[in-house]
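The data block below is run_13.txt; it holds compact mmCIF, C-alpha atoms and all ligand atoms.
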# COMPACT_ATOMS: atom_id res chain seq x y z
CA MET X 50 88.43 115.96 93.42
CA SER X 51 91.68 115.51 91.51
CA ARG X 52 94.67 117.08 93.25
CA SER X 53 98.21 117.80 92.13
CA VAL X 54 100.43 115.28 93.93
CA LEU X 55 104.22 114.94 93.89
CA VAL X 56 106.09 111.90 95.17
CA THR X 57 109.90 112.12 95.30
CA GLY X 58 111.71 108.89 94.51
CA GLY X 59 108.53 107.61 92.89
CA ASN X 60 110.20 105.31 90.38
CA ARG X 61 110.46 102.25 92.62
CA GLY X 62 109.77 100.74 96.04
CA ILE X 63 107.62 102.61 98.53
CA GLY X 64 107.52 105.78 96.40
CA LEU X 65 106.10 103.93 93.40
CA ALA X 66 103.43 102.28 95.57
CA ILE X 67 102.49 105.71 96.97
CA ALA X 68 102.29 107.21 93.48
CA ARG X 69 100.02 104.36 92.35
CA ALA X 70 97.75 104.75 95.38
CA PHE X 71 97.13 108.44 94.59
CA ALA X 72 96.70 107.77 90.88
CA ASP X 73 94.18 104.99 91.61
CA ALA X 74 92.20 107.52 93.67
CA GLY X 75 92.04 109.85 90.64
CA ASP X 76 94.75 112.39 91.54
CA LYS X 77 97.23 113.89 89.08
CA VAL X 78 100.54 112.39 90.14
CA ALA X 79 104.07 113.50 89.28
CA VAL X 80 107.12 111.62 90.44
CA THR X 81 110.79 112.43 90.57
CA TYR X 82 113.43 109.86 89.75
CA ARG X 83 117.17 110.20 90.10
CA SER X 84 118.50 107.40 87.90
CA GLY X 85 117.34 104.63 85.62
CA GLU X 86 114.13 104.79 83.62
CA PRO X 87 111.08 106.86 84.57
CA PRO X 88 108.15 104.70 85.70
CA GLU X 89 105.32 104.23 83.21
CA GLY X 90 102.04 106.02 83.67
CA PHE X 91 103.25 109.08 85.58
CA PHE X 92 104.56 112.50 84.72
CA ALA X 93 108.19 111.92 85.70
CA VAL X 94 110.94 114.49 86.18
CA LYS X 95 114.57 113.60 86.66
CA CYS X 96 115.78 115.23 89.85
CA ASP X 97 118.52 114.66 92.39
CA ILE X 98 117.27 116.20 95.63
CA THR X 99 120.82 116.94 96.79
CA ASP X 100 120.94 119.63 94.07
CA GLY X 101 118.85 122.73 94.83
CA GLU X 102 118.79 123.86 91.18
CA GLN X 103 117.43 120.51 90.01
CA VAL X 104 114.72 120.73 92.65
CA GLU X 105 113.70 124.24 91.49
CA GLN X 106 113.64 123.10 87.85
CA ALA X 107 111.58 120.00 88.70
CA PHE X 108 108.95 122.12 90.45
CA LYS X 109 108.72 124.44 87.42
CA GLU X 110 108.08 121.48 85.12
CA ILE X 111 105.58 119.84 87.46
CA GLU X 112 103.66 123.08 88.07
CA ALA X 113 103.45 123.69 84.31
CA GLN X 114 102.15 120.15 83.78
CA GLN X 115 99.60 119.74 86.57
CA GLY X 116 99.45 122.97 88.59
CA ALA X 117 100.99 123.84 91.95
CA VAL X 118 101.69 120.84 94.16
CA GLU X 119 98.86 120.39 96.70
CA VAL X 120 100.11 117.14 98.20
CA LEU X 121 103.84 116.54 98.65
CA VAL X 122 105.21 113.16 99.68
CA ALA X 123 108.94 113.44 100.48
CA ASN X 124 109.95 109.81 100.10
CA ALA X 125 113.41 109.76 98.44
CA GLY X 126 116.05 108.39 100.78
CA VAL X 127 119.26 106.38 101.00
CA THR X 128 121.22 104.24 103.44
CA ARG X 129 124.99 103.98 103.80
CA ASP X 130 125.32 101.65 106.76
CA GLN X 131 128.55 101.41 108.73
CA LEU X 132 129.61 101.09 112.34
CA LEU X 133 130.56 104.46 113.84
CA LEU X 134 134.34 104.11 113.80
CA ARG X 135 134.27 102.98 110.17
CA MET X 136 131.79 105.67 109.14
CA SER X 137 133.45 108.37 107.04
CA ASP X 138 132.44 112.02 106.99
CA ASP X 139 131.05 111.37 103.53
CA ASP X 140 128.98 108.36 104.70
CA PHE X 141 127.41 110.65 107.29
CA THR X 142 126.95 113.89 105.37
CA SER X 143 125.73 112.29 102.13
CA VAL X 144 122.92 110.47 103.96
CA LEU X 145 121.99 113.64 105.86
CA ASP X 146 122.14 115.67 102.64
CA THR X 147 119.71 113.35 100.89
CA ASN X 148 117.31 112.31 103.62
CA LEU X 149 117.10 115.49 105.68
CA THR X 150 118.42 118.45 103.68
CA GLY X 151 117.00 117.02 100.44
CA THR X 152 113.59 116.83 102.12
CA PHE X 153 114.00 120.44 103.30
CA ARG X 154 114.67 121.48 99.69
CA VAL X 155 111.55 119.87 98.23
CA VAL X 156 109.29 120.88 101.12
CA LYS X 157 110.39 124.51 100.83
CA ALA X 158 109.70 124.52 97.08
CA ALA X 159 106.22 123.03 97.59
CA VAL X 160 105.20 125.11 100.59
CA ARG X 161 105.85 128.38 98.76
CA LYS X 162 102.77 127.73 96.60
CA MET X 163 100.77 126.03 99.37
CA LEU X 164 101.02 129.21 101.45
CA ARG X 165 99.50 131.21 98.61
CA ALA X 166 96.74 128.62 98.16
CA ARG X 167 96.19 128.52 101.92
CA LYS X 168 96.02 124.75 101.86
CA GLY X 169 98.33 121.80 101.46
CA ARG X 170 99.42 118.41 102.68
CA VAL X 171 102.99 117.35 103.36
CA VAL X 172 103.91 113.80 104.30
CA LEU X 173 107.51 112.86 105.10
CA ILE X 174 108.75 109.28 105.02
CA SER X 175 110.89 108.66 108.10
CA SER X 176 111.61 105.25 109.64
CA VAL X 177 111.09 103.32 112.85
CA VAL X 178 114.88 103.40 113.10
CA GLY X 179 114.80 107.19 113.54
CA LEU X 180 112.94 106.65 116.79
CA THR X 181 114.46 103.42 118.11
CA GLY X 182 118.00 103.69 116.71
CA GLN X 183 119.83 100.89 114.93
CA ALA X 184 123.42 99.72 115.26
CA GLY X 185 125.26 100.48 112.00
CA GLN X 186 122.77 103.13 110.96
CA ALA X 187 123.73 106.19 113.05
CA ASN X 188 123.75 108.39 109.94
CA TYR X 189 120.42 107.10 108.63
CA ALA X 190 118.71 107.14 112.06
CA ALA X 191 119.91 110.71 112.71
CA SER X 192 118.52 111.83 109.36
CA LYS X 193 115.17 110.11 109.96
CA ALA X 194 114.88 111.47 113.53
CA GLY X 195 115.68 114.91 112.13
CA LEU X 196 112.61 114.66 109.91
CA VAL X 197 110.40 114.44 113.00
CA GLY X 198 111.69 117.74 114.46
CA PHE X 199 111.51 119.30 111.01
CA ALA X 200 107.90 118.19 110.47
CA ARG X 201 106.73 119.24 113.92
CA SER X 202 108.29 122.70 113.54
CA LEU X 203 106.54 123.12 110.20
CA ALA X 204 103.25 121.83 111.63
CA ARG X 205 103.42 124.76 114.06
CA GLU X 206 104.61 127.25 111.43
CA LEU X 207 102.08 126.36 108.75
CA GLY X 208 99.02 125.15 110.65
CA SER X 209 97.25 128.51 110.57
CA ARG X 210 97.47 128.39 106.76
CA ASN X 211 95.64 125.06 106.58
CA ILE X 212 98.78 123.11 105.69
CA THR X 213 99.29 119.84 107.57
CA VAL X 214 102.71 118.23 107.96
CA ASN X 215 102.93 114.62 109.12
CA VAL X 216 105.43 111.80 109.22
CA VAL X 217 105.00 108.13 108.35
CA ALA X 218 107.55 105.88 110.05
CA PRO X 219 107.68 102.52 108.26
CA GLY X 220 109.27 99.44 109.75
CA PHE X 221 110.95 96.94 107.44
CA VAL X 222 109.46 97.00 103.98
CA ASP X 223 110.13 94.59 101.16
CA THR X 224 112.00 96.81 98.65
CA ASP X 225 115.43 97.10 97.02
CA MET X 226 116.64 98.90 100.18
CA THR X 227 116.09 95.84 102.36
CA ARG X 228 116.82 93.21 99.68
CA VAL X 229 120.53 93.89 100.21
CA LEU X 230 120.28 92.34 103.68
CA THR X 231 121.42 88.75 104.14
CA ASP X 232 118.86 86.00 104.85
CA GLU X 233 120.16 85.85 108.41
CA GLN X 234 119.69 89.60 108.90
CA ARG X 235 116.19 89.38 107.45
CA GLN X 236 115.26 86.51 109.76
CA ASN X 237 116.60 88.42 112.78
CA ILE X 238 114.49 91.42 111.87
CA VAL X 239 111.34 89.40 111.31
CA GLY X 240 111.94 87.77 114.69
CA GLN X 241 111.61 91.17 116.36
CA VAL X 242 108.46 92.26 114.54
CA PRO X 243 105.24 91.38 116.40
CA LEU X 244 103.43 90.84 113.08
CA ALA X 245 106.34 88.55 112.11
CA ARG X 246 106.75 89.73 108.52
CA TYR X 247 107.95 92.59 106.35
CA ALA X 248 105.49 95.22 105.15
CA GLN X 249 104.51 95.47 101.52
CA PRO X 250 105.03 98.96 100.01
CA GLU X 251 101.25 99.27 99.48
CA GLU X 252 100.74 99.09 103.25
CA ILE X 253 102.86 102.22 103.70
CA ALA X 254 101.09 103.92 100.79
CA ALA X 255 97.67 103.46 102.42
CA SER X 256 98.70 105.50 105.49
CA VAL X 257 100.24 108.21 103.35
CA ARG X 258 97.06 108.52 101.31
CA PHE X 259 95.00 108.71 104.50
CA LEU X 260 97.13 111.57 105.87
CA ALA X 261 96.57 113.46 102.63
CA SER X 262 92.80 112.85 102.66
CA GLU X 263 89.92 115.06 103.85
CA GLU X 264 89.35 112.64 106.74
CA ALA X 265 92.79 113.54 108.13
CA ALA X 266 92.21 117.33 108.03
CA TYR X 267 92.72 117.66 111.81
CA ILE X 268 95.92 115.60 111.99
CA THR X 269 99.22 117.51 111.94
CA GLY X 270 102.62 117.06 113.56
CA ALA X 271 101.87 113.34 113.95
CA VAL X 272 104.23 110.43 113.50
CA ILE X 273 102.31 107.40 112.27
CA PRO X 274 104.17 104.11 112.76
CA VAL X 275 103.52 101.50 110.08
CA ASP X 276 105.93 98.92 111.39
CA GLY X 277 104.14 95.74 112.37
CA GLY X 278 104.52 96.73 116.03
CA LEU X 279 108.31 96.94 115.94
CA GLY X 280 108.47 100.40 117.59
CA MET X 281 105.41 99.83 119.80
CA GLY X 282 103.85 103.16 118.89
CA HIS X 283 107.01 105.25 118.86
P1 LIG N 301 114.53 102.29 97.49
O1 LIG N 301 115.99 102.20 97.70
O2 LIG N 301 113.79 101.19 96.82
O3 LIG N 301 114.18 103.66 96.73
C1 LIG N 301 114.74 104.86 97.14
C2 LIG N 301 114.22 105.97 96.25
O4 LIG N 301 114.83 107.22 96.63
C3 LIG N 301 114.57 105.74 94.78
O5 LIG N 301 113.55 106.23 93.98
C4 LIG N 301 115.82 106.59 94.64
O6 LIG N 301 116.09 107.00 93.30
C5 LIG N 301 115.44 107.78 95.47
N1 LIG N 301 116.60 108.59 95.82
C6 LIG N 301 117.66 108.23 96.56
N2 LIG N 301 118.55 109.26 96.62
C7 LIG N 301 118.02 110.27 95.90
C8 LIG N 301 118.45 111.58 95.57
N3 LIG N 301 119.63 112.06 96.00
N4 LIG N 301 117.65 112.36 94.81
C9 LIG N 301 116.48 111.89 94.38
N5 LIG N 301 116.01 110.67 94.63
C10 LIG N 301 116.78 109.85 95.39
O7 LIG N 301 113.94 102.57 98.93
P2 LIG N 301 112.51 102.33 99.58
O8 LIG N 301 111.42 102.43 98.58
O9 LIG N 301 112.61 101.16 100.44
O10 LIG N 301 112.48 103.60 100.56
C11 LIG N 301 111.70 104.77 100.31
C12 LIG N 301 111.75 105.63 101.56
O11 LIG N 301 111.25 104.88 102.67
C13 LIG N 301 113.17 106.06 101.95
O12 LIG N 301 113.15 107.36 102.46
C14 LIG N 301 113.53 105.06 103.03
O13 LIG N 301 114.51 105.58 103.90
C15 LIG N 301 112.20 104.87 103.71
N6 LIG N 301 112.08 103.65 104.48
C16 LIG N 301 112.27 102.42 103.90
C17 LIG N 301 112.17 101.26 104.67
C18 LIG N 301 112.36 99.90 104.09
O14 LIG N 301 112.37 98.94 104.91
N7 LIG N 301 112.48 99.71 102.82
C19 LIG N 301 111.85 101.35 106.10
C20 LIG N 301 111.64 102.67 106.59
C21 LIG N 301 111.76 103.76 105.81
P3 LIG N 301 116.97 106.01 92.34
O15 LIG N 301 116.04 104.95 91.85
O16 LIG N 301 117.46 106.91 91.27
O17 LIG N 301 118.08 105.46 93.19

Could the structure of this file be written out as structure tokens, please?
Amino acid sequence: MSRSVLVTGGNRGIGLAIARAFADAGDKVAVTYRSGEPPEGFFAVKCDITDGEQVEQAFKEIEAQQGAVEVLVANAGVTRDQLLLRMSDDDFTSVLDTNLTGTFRVVKAAVRKMLRARKGRVVLISSVVGLTGQAGQANYAASKAGLVGFARSLARELGSRNITVNVVAPGFVDTDMTRVLTDEQRQNIVGQVPLARYAQPEEIAASVRFLASEEAAYITGAVIPVDGGLGMGH
């Protein structure tokens, strides 16, 4: 059965791997991208999730192309790392506005139609850091922890309408986001990961696809760690 899937930030990294996984399974997949070129092979809409009007417009275009979104993967996110005393208001609020409020904006737009359809799947991409904390990432960790409370509230609010809301919490994944780290930082991280390596984006995508599948119909409000053991189940 081909479903209407939307992946935010689906032009690169984890989002692109997620979009490919759904497309390979035969779903109709739309992606949003904020900058650069749209990825080949997907219906792509330019959208900055910090702008509510752009989000509304993107949903109109996607719904006209492939029908109401049945599976939403809120993946778009940013880092702006800084130690607390050097962290500006803008460093903090811009990360919150993208990772947490931006997710709220796209989830709200998708759920409107899911409620009418009385079914839907929402998967939010958090991070192990939201649960364990990370020096230099207070803004990012707060935003990613916020997603857990957000998802669990919605799991309660929407469960009776057959809409599941779950969170995937990746550990360190080999993408542009982590390629900015120095070799020393990367080695330190790998040293703390029981599986002693970074994840590939496809390994995150597999869990997302599972949570959106029929087999996962009874899973909601869950946080699934895909982190090589770094968070030890948290
Ligand atoms: P990338 O930096 O490779 O990609 C981030 C994506 O988010 C891009 O598509 C980017 O668009 C998009 N994006 C950023 N800001 C906005 C915005 N305001 N509006 C719309 N789109 C936006 O990151 P990853 O693929 O590594 O990360 C994907 C998700 O996974 C993020 O939420 C991240 O926090 C999370 N994550 C990543 C981990 C990792 O180790 N890589 C670990 C744990 C979680 P554009 O191309 O235009 O910049």

Neighbours of ligand LIG 301 (chain N) within 6 Å, counting all atoms listed in the file, as an mmCIF file with C-alpha atoms, keeping the file's coordinate frame?
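Okay, this is what ended up in pocket-v7.cif:
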data_model
loop_
_atom_site.group_PDB
_atom_site.id
_atom_site.type_symbol
_atom_site.label_atom_id
_atom_site.label_comp_id
_atom_site.auth_asym_id
_atom_site.auth_seq_id
_atom_site.Cartn_x
_atom_site.Cartn_y
_atom_site.Cartn_z
ATOM 1 C CA GLY X 58 111.710 108.890 94.510
ATOM 2 C CA GLY X 59 108.530 107.610 92.890
ATOM 3 C CA ASN X 60 110.200 105.310 90.380
ATOM 4 C CA ARG X 61 110.460 102.250 92.620
ATOM 5 C CA GLY X 62 109.770 100.740 96.040
ATOM 6 C CA ILE X 63 107.620 102.610 98.530
ATOM 7 C CA GLY X 64 107.520 105.780 96.400
ATOM 8 C CA TYR X 82 113.430 109.860 89.750
ATOM 9 C CA ARG X 83 117.170 110.200 90.100
ATOM 10 C CA SER X 84 118.500 107.400 87.900
ATOM 11 C CA CYS X 96 115.780 115.230 89.850
ATOM 12 C CA ASP X 97 118.520 114.660 92.390
ATOM 13 C CA ILE X 98 117.270 116.200 95.630
ATOM 14 C CA THR X 99 120.820 116.940 96.790
ATOM 15 C CA ASN X 124 109.950 109.810 100.100
ATOM 16 C CA ALA X 125 113.410 109.760 98.440
ATOM 17 C CA GLY X 126 116.050 108.390 100.780
ATOM 18 C CA VAL X 127 119.260 106.380 101.000
ATOM 19 C CA THR X 147 119.710 113.350 100.890
ATOM 20 C CA ILE X 174 108.750 109.280 105.020
ATOM 21 C CA SER X 175 110.890 108.660 108.100
ATOM 22 C CA SER X 176 111.610 105.250 109.640
ATOM 23 C CA PRO X 219 107.680 102.520 108.260
ATOM 24 C CA GLY X 220 109.270 99.440 109.750
ATOM 25 C CA PHE X 221 110.950 96.940 107.440
ATOM 26 C CA VAL X 222 109.460 97.000 103.980
ATOM 27 C CA ASP X 223 110.130 94.590 101.160
ATOM 28 C CA THR X 224 112.000 96.810 98.650
ATOM 29 C CA ASP X 225 115.430 97.100 97.020
ATOM 30 C CA MET X 226 116.640 98.900 100.180
ATOM 31 C CA THR X 227 116.090 95.840 102.360
#

Calculate how many Å separate atom CA of Leu164 of chain X from atom CA of Gly195 of chain X, rounding to one decimal. 23.1 Å

Could you pull the residues within 12 Å of Asp130 of chain X, counting all atoms listed in the file, minus those fewer than 4 positions along the same chain, as number ranges by chain? X: 134-137, 139-141, 143-144, 183-190, 226-227, 229-230

Rounded to one decimal, what separation in Å do you get between atom CA of Leu173 of chain X and atom CA of Ala194 of chain X? 11.3 Å

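Between atom CA of Ala123 of chain X and atom CA of Gly75 of chain X there is a distance of 19.9 Å.
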
Within-7 Å shell of (107.4, 121.6, 97.1) in input frame, all atoms listed in the file, as a PyMOL selection string: chain X and resi 108+118+121+155-160

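In this comparison, which uses only C-alpha atoms, the residue of X:Ala166, X:Asn237, X:Ala72, X:Leu65 approaching Pro87 of chain X most closely is X:Leu65.
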
Using all atoms listed in the file, which of X:Leu145, X:Glu112, X:Pro88, X:Asp276 sits nearest Gln249 of chain X?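 Nearest to Gln249 of chain X: X:Asp276.
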
With a distance cut-off of 6 Å and only C-alpha atoms, select the neighbouring residues of Gly169 of chain X, excluding the residue or stretch itself and same-chain residues fewer than 3 positions from it, and output the selection as a short mmCIF file (atom, residue, chain, number, x, y, z; two decimals) with C-alpha atoms, keeping the file's coordinate frame.
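As written to disk, result21.cif reads:
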data_model
loop_
_atom_site.label_atom_id
_atom_site.label_comp_id
_atom_site.auth_asym_id
_atom_site.auth_seq_id
_atom_site.Cartn_x
_atom_site.Cartn_y
_atom_site.Cartn_z
CA GLU X 119 98.86 120.39 96.70
CA VAL X 120 100.11 117.14 98.20
CA MET X 163 100.77 126.03 99.37
CA ILE X 212 98.78 123.11 105.69
#
